[in-house]
$ cat target35.pdb   # PDB, C-alpha atoms
ATOM      1  CA  MET A   1     110.382 103.843  79.055
ATOM      2  CA  GLN A   2     108.875 101.055  81.104
ATOM      3  CA  TYR A   3     105.282 101.994  81.986
ATOM      4  CA  PHE A   4     104.417  99.100  84.335
ATOM      5  CA  LYS A   5     106.304  98.136  87.493
ATOM      6  CA  ASP A   6     105.486  96.072  90.574
ATOM      7  CA  ALA A   7     105.725  98.437  93.546
ATOM      8  CA  PHE A   8     105.072  95.603  96.017
ATOM      9  CA  SER A   9     108.191  93.689  94.946
ATOM     10  CA  ALA A  10     110.473  96.754  94.707
ATOM     11  CA  ALA A  11     112.763  96.591  97.724
ATOM     12  CA  ALA A  12     116.418  97.270  98.482
ATOM     13  CA  TYR A  13     117.402  97.624 102.130
ATOM     14  CA  SER A  14     120.635  99.034 103.528
ATOM     15  CA  GLY A  15     121.973  98.554 107.026
ATOM     16  CA  ASP A  16     123.420 102.082 106.982
ATOM     17  CA  LYS A  17     120.393 104.225 106.142
ATOM     18  CA  MET A  18     116.997 104.329 104.481
ATOM     19  CA  ASN A  19     117.231 103.338 100.816
ATOM     20  CA  LYS A  20     115.301 104.581  97.773
ATOM     21  CA  VAL A  21     114.260 102.479  94.756
ATOM     22  CA  ASN A  22     113.107 104.594  91.816
ATOM     23  CA  LEU A  23     110.063 103.331  89.930
ATOM     24  CA  PHE A  24     109.312 106.287  87.652
ATOM     25  CA  GLU A  25     110.816 109.675  86.948
ATOM     26  CA  THR A  26     109.667 112.347  84.526
ATOM     27  CA  PRO A  27     110.482 116.031  84.247
ATOM     28  CA  ARG A  28     107.369 116.697  86.397
ATOM     29  CA  LEU A  29     107.408 114.030  89.148
ATOM     30  CA  PHE A  30     109.138 111.061  90.691
ATOM     31  CA  CYS A  31     107.794 107.871  92.245
ATOM     32  CA  ASP A  32     110.055 105.850  94.560
ATOM     33  CA  VAL A  33     109.814 103.050  97.077
ATOM     34  CA  TYR A  34     111.565 103.987 100.333
ATOM     35  CA  CYS A  35     112.914 101.014 102.306
ATOM     36  CA  PHE A  36     113.610 101.300 106.047
ATOM     37  CA  GLU A  37     115.156  98.783 108.397
ATOM     38  CA  PRO A  38     113.855  98.977 111.996
ATOM     39  CA  GLY A  39     115.049 102.200 113.630
ATOM     40  CA  GLN A  40     115.892 103.991 110.366
ATOM     41  CA  GLU A  41     114.314 107.320 109.483
ATOM     42  CA  GLN A  42     114.126 110.096 106.962
ATOM     43  CA  ALA A  43     114.918 113.173 109.046
ATOM     44  CA  ALA A  44     112.585 116.163 109.104
ATOM     45  CA  HIS A  45     112.966 118.300 106.002
ATOM     46  CA  VAL A  46     111.041 120.750 103.810
ATOM     47  CA  HIS A  47     110.427 120.920 100.059
ATOM     48  CA  ARG A  48     109.668 124.346  98.652
ATOM     49  CA  GLY A  49     107.387 124.208  95.613
ATOM     50  CA  SER A  50     106.684 120.449  95.726
ATOM     51  CA  ASP A  51     104.109 118.261  97.465
ATOM     52  CA  LYS A  52     104.926 114.734  98.652
ATOM     53  CA  ILE A  53     102.678 111.729  99.256
ATOM     54  CA  TYR A  54     103.699 108.634 101.234
ATOM     55  CA  LEU A  55     101.709 105.377 101.057
ATOM     56  CA  VAL A  56     102.683 102.605 103.479
ATOM     57  CA  LEU A  57     103.054  99.318 101.593
ATOM     58  CA  GLU A  58     104.460  97.178 104.406
ATOM     59  CA  GLY A  59     105.264  97.642 108.087
ATOM     60  CA  ASP A  60     104.442 100.475 110.453
ATOM     61  CA  ALA A  61     105.604 104.081 110.225
ATOM     62  CA  VAL A  62     105.666 107.110 112.474
ATOM     63  CA  PHE A  63     105.045 110.255 110.422
ATOM     64  CA  GLN A  64     105.536 113.874 111.400
ATOM     65  CA  VAL A  65     103.940 116.562 109.222
ATOM     66  CA  GLY A  66     104.147 120.069 110.606
ATOM     67  CA  SER A  67     103.297 119.816 114.299
ATOM     68  CA  GLU A  68     101.272 116.597 113.890
ATOM     69  CA  CYS A  69     102.708 113.143 114.593
ATOM     70  CA  PHE A  70     100.899 109.866 113.903
ATOM     71  CA  ARG A  71     101.489 106.165 113.301
ATOM     72  CA  GLY A  72     100.171 104.197 110.331
ATOM     73  CA  GLY A  73     100.360 100.765 108.778
ATOM     74  CA  PRO A  74      99.705  99.344 105.303
ATOM     75  CA  GLY A  75      97.280 101.477 103.348
ATOM     76  CA  THR A  76      98.005 104.669 105.303
ATOM     77  CA  ALA A  77      98.495 107.659 102.992
ATOM     78  CA  VAL A  78     100.188 110.857 104.170
ATOM     79  CA  LEU A  79     100.386 114.239 102.440
ATOM     80  CA  ALA A  80     103.144 116.808 103.068
ATOM     81  CA  LEU A  81     102.426 120.075 101.295
ATOM     82  CA  SER A  82     105.085 122.390  99.940
ATOM     83  CA  GLY A  83     106.773 124.189 102.825
ATOM     84  CA  GLN A  84     105.649 121.705 105.524
ATOM     85  CA  SER A  85     108.319 120.010 107.591
ATOM     86  CA  HIS A  86     107.919 116.227 107.387
ATOM     87  CA  SER A  87     109.685 113.036 108.423
ATOM     88  CA  VAL A  88     109.093 109.293 108.565
ATOM     89  CA  ARG A  89     110.555 106.707 110.953
ATOM     90  CA  ASN A  90     110.367 102.937 111.222
ATOM     91  CA  PRO A  91     109.760 102.133 114.904
ATOM     92  CA  GLY A  92     110.178  98.401 114.169
ATOM     93  CA  PRO A  93     110.267  95.582 114.776
ATOM     94  CA  ALA A  94     109.602  94.775 111.070
ATOM     95  CA  ARG A  95     110.879  96.425 107.914
ATOM     96  CA  LEU A  96     108.986  99.401 106.444
ATOM     97  CA  ARG A  97     108.319 100.133 102.766
ATOM     98  CA  THR A  98     106.538 103.241 101.504
ATOM     99  CA  LEU A  99     105.560 104.345  98.027
ATOM    100  CA  VAL A 100     106.514 108.014  97.609
ATOM    101  CA  VAL A 101     105.321 110.408  94.904
ATOM    102  CA  MET A 102     106.569 113.973  94.666
ATOM    103  CA  ALA A 103     105.398 116.656  92.245
ATOM    104  CA  PRO A 104     106.536 118.803  90.798
ATOM    105  CA  LYS A 105     109.897 117.126  90.898
ATOM    106  CA  PRO A 106     112.523 119.337  92.551
ATOM    107  CA  ARG A 107     114.760 120.911  89.962
ATOM    108  CA  ALA A 108     118.462 120.069  89.971
ATOM    109  CA  HIS A 109     119.512 123.727  90.298
ATOM    110  CA  ALA A 110     117.302 124.109  93.394
ATOM    111  CA  LEU A 111     119.018 121.090  94.928
ATOM    112  CA  ARG A 112     122.482 122.443  94.146
ATOM    113  CA  GLY A 113     121.575 125.821  95.686
ATOM    114  CA  ALA A 114     120.272 124.109  98.794
ATOM    115  CA  GLU A 115     123.517 122.180  99.185
ATOM    116  CA  ARG A 116     125.442 125.464  99.092
ATOM    117  CA  ASP A 117     123.388 127.284 101.698
ATOM    118  CA  GLY A 118     122.269 124.343 103.863
ATOM    119  CA  THR A 119     118.556 124.770 103.060
ATOM    120  CA  LYS A 120     116.432 121.639 102.757
ATOM    121  CA  VAL A 121     114.626 121.412  99.421
TER     122      VAL A 121
END

$ encode --input "target35.pdb" --output "structure tokens"
Amino acid sequence: MQYFKDAFSAAAYSGDKMNKVNLFETPRLFCDVYCFEPGQEQAAHVHRGSDKIYLVLEGDAVFQVGSECFRGGPGTAVLALSGQSHSVRNPGPARLRTLVVMAPKPRAHALRGAERDGTKV
């Protein structure tokens, strides 16, 4: 396992949709860099049993957590607790990169069950 990675240089953008670059993954958590072109978003969703933290590395983001909506730039950290609806959008004009940590990591069987019944995990 590689224990050291450069989160600031991790980037992979897609013209189609937001893209994820995995930095670390263990049985208990994951840590990714999410890359957004201007106008791209991660739609509102809920994780049951897991908390998620976003940290803006580059660009500006519009976050929604529960009923609250706010904008933040580099250094902004956002917490979405288990069961809270949350989303992130890049309003542009520049690219957006966020470091994302989620724990505990959603289990594969929970994800498969969610796909069957349409529930967001």

$ resolve_selection --input "target35.pdb" --expression "the PyMOL selection byres ((chain A and resi 54) around 10)" --output "number ranges by chain"
A: 31-34, 52-53, 55-57, 63, 75-80, 88, 97-102

$ resolve_selection --input "target35.pdb" --expression "the PyMOL selection byres ((chain A and resi 93) around 6)" --output "PyMOL selection string"
chain A and resi 38+92+94

$ atom_distance --input "target35.pdb" --atom1 "CA of Arg89 (chain A)" --atom2 "CA of His47 (chain A)"
17.9 Å

$ axis_aligned_box --input "target35.pdb" --around "region 85-103 of chain A" --padding-each-side "3 Å" --output "JSON"
{"center_x": 108.1, "center_y": 107.4, "center_z": 103.6, "size_x": 11.6, "size_y": 31.2, "size_z": 28.7}

$ resolve_selection --input "target35.pdb" --expression "the PyMOL selection byres ((chain A and resi 24) around 10)" --output "list in words"
Met1, Gln2, Tyr3, Phe4, Lys5, Val21, Asn22, Leu23, Glu25, Thr26, Leu29, Phe30, Cys31, Asp32, Val33 and Val101 of chain A

$ closest_residue --input "target35.pdb" --among "A:Ser85, A:Gln64, A:Ser50, A:Gln40" --to "Tyr13 (chain A)" --atoms "all atoms listed in the file"
A:Gln40

$ closest_residue --input "target35.pdb" --among "A:Pro104, A:Ala7, A:Pro27, A:Ser87" --to "Ser67 (chain A)" --atoms "all atoms listed in the file"
A:Ser87

$ atom_distance --input "target35.pdb" --atom1 "CA of Gly66 (chain A)" --atom2 "CA of Ala43 (chain A)"
12.9 Å

$ atom_distance --input "target35.pdb" --atom1 "CA of Pro106 (chain A)" --atom2 "CA of Arg71 (chain A)"
26.9 Å

$ closest_residue --input "target35.pdb" --among "A:Asp16, A:Leu81, A:Arg95, A:His86" --to "Cys69 (chain A)" --atoms "only C-alpha atoms"
A:His86

$ closest_residue --input "target35.pdb" --among "A:Asp6, A:Asp60, A:Asp51, A:Glu41" --to "Gly73 (chain A)" --atoms "all atoms listed in the file"
A:Asp60

$ closest_residue --input "target35.pdb" --among "A:Pro74, A:Glu58, A:Gly83, A:Arg107" --to "Ala10 (chain A)" --atoms "all atoms listed in the file"
A:Glu58

$ closest_residue --input "target35.pdb" --among "A:Asn19, A:Asn90, A:Gln42, A:Gln84" --to "Val62 (chain A)" --atoms "all atoms listed in the file"
A:Asn90

$ build_atoms --input "target35.pdb" --residues "region 16-31 of chain A" --atoms "N, CA and C atoms" --output "PDB file, keeping the file's coordinate frame"
ATOM      1  N   ASP A  16     122.907 100.766 106.604  1.00  0.00           N
ATOM      2  CA  ASP A  16     123.420 102.082 106.982  1.00  0.00           C
ATOM      3  C   ASP A  16     122.338 103.144 107.118  1.00  0.00           C
ATOM      4  N   LYS A  17     121.426 103.180 106.145  1.00  0.00           N
ATOM      5  CA  LYS A  17     120.393 104.225 106.142  1.00  0.00           C
ATOM      6  C   LYS A  17     119.241 103.808 105.239  1.00  0.00           C
ATOM      7  N   MET A  18     118.149 104.555 105.342  1.00  0.00           N
ATOM      8  CA  MET A  18     116.997 104.329 104.481  1.00  0.00           C
ATOM      9  C   MET A  18     117.444 104.322 103.020  1.00  0.00           C
ATOM     10  N   ASN A  19     116.828 103.470 102.208  1.00  0.00           N
ATOM     11  CA  ASN A  19     117.231 103.338 100.816  1.00  0.00           C
ATOM     12  C   ASN A  19     116.053 103.641  99.904  1.00  0.00           C
ATOM     13  N   LYS A  20     116.327 104.220  98.746  1.00  0.00           N
ATOM     14  CA  LYS A  20     115.301 104.581  97.773  1.00  0.00           C
ATOM     15  C   LYS A  20     115.450 103.736  96.510  1.00  0.00           C
ATOM     16  N   VAL A  21     114.314 103.211  96.021  1.00  0.00           N
ATOM     17  CA  VAL A  21     114.260 102.479  94.756  1.00  0.00           C
ATOM     18  C   VAL A  21     113.360 103.275  93.821  1.00  0.00           C
ATOM     19  N   ASN A  22     113.907 103.796  92.741  1.00  0.00           N
ATOM     20  CA  ASN A  22     113.107 104.594  91.816  1.00  0.00           C
ATOM     21  C   ASN A  22     112.254 103.694  90.935  1.00  0.00           C
ATOM     22  N   LEU A  23     110.969 104.029  90.837  1.00  0.00           N
ATOM     23  CA  LEU A  23     110.063 103.331  89.930  1.00  0.00           C
ATOM     24  C   LEU A  23     109.864 104.130  88.647  1.00  0.00           C
ATOM     25  N   PHE A  24     109.558 105.422  88.802  1.00  0.00           N
ATOM     26  CA  PHE A  24     109.312 106.287  87.652  1.00  0.00           C
ATOM     27  C   PHE A  24     109.893 107.667  87.924  1.00  0.00           C
ATOM     28  N   GLU A  25     110.342 108.302  86.852  1.00  0.00           N
ATOM     29  CA  GLU A  25     110.816 109.675  86.948  1.00  0.00           C
ATOM     30  C   GLU A  25     110.543 110.360  85.627  1.00  0.00           C
ATOM     31  N   THR A  26     109.911 111.519  85.703  1.00  0.00           N
ATOM     32  CA  THR A  26     109.667 112.347  84.526  1.00  0.00           C
ATOM     33  C   THR A  26     110.149 113.751  84.861  1.00  0.00           C
ATOM     34  N   PRO A  27     110.108 114.657  83.916  1.00  0.00           N
ATOM     35  CA  PRO A  27     110.482 116.031  84.247  1.00  0.00           C
ATOM     36  C   PRO A  27     109.549 116.671  85.278  1.00  0.00           C
ATOM     37  N   ARG A  28     108.365 116.084  85.515  1.00  0.00           N
ATOM     38  CA  ARG A  28     107.369 116.697  86.397  1.00  0.00           C
ATOM     39  C   ARG A  28     107.187 116.005  87.742  1.00  0.00           C
ATOM     40  N   LEU A  29     107.606 114.741  87.884  1.00  0.00           N
ATOM     41  CA  LEU A  29     107.408 114.030  89.148  1.00  0.00           C
ATOM     42  C   LEU A  29     108.387 112.885  89.279  1.00  0.00           C
ATOM     43  N   PHE A  30     108.463 112.338  90.503  1.00  0.00           N
ATOM     44  CA  PHE A  30     109.138 111.061  90.691  1.00  0.00           C
ATOM     45  C   PHE A  30     108.281 110.184  91.575  1.00  0.00           C
ATOM     46  N   CYS A  31     108.491 108.874  91.445  1.00  0.00           N
ATOM     47  CA  CYS A  31     107.794 107.871  92.245  1.00  0.00           C
ATOM     48  C   CYS A  31     108.836 106.847  92.674  1.00  0.00           C
TER      49      CYS A  31
END
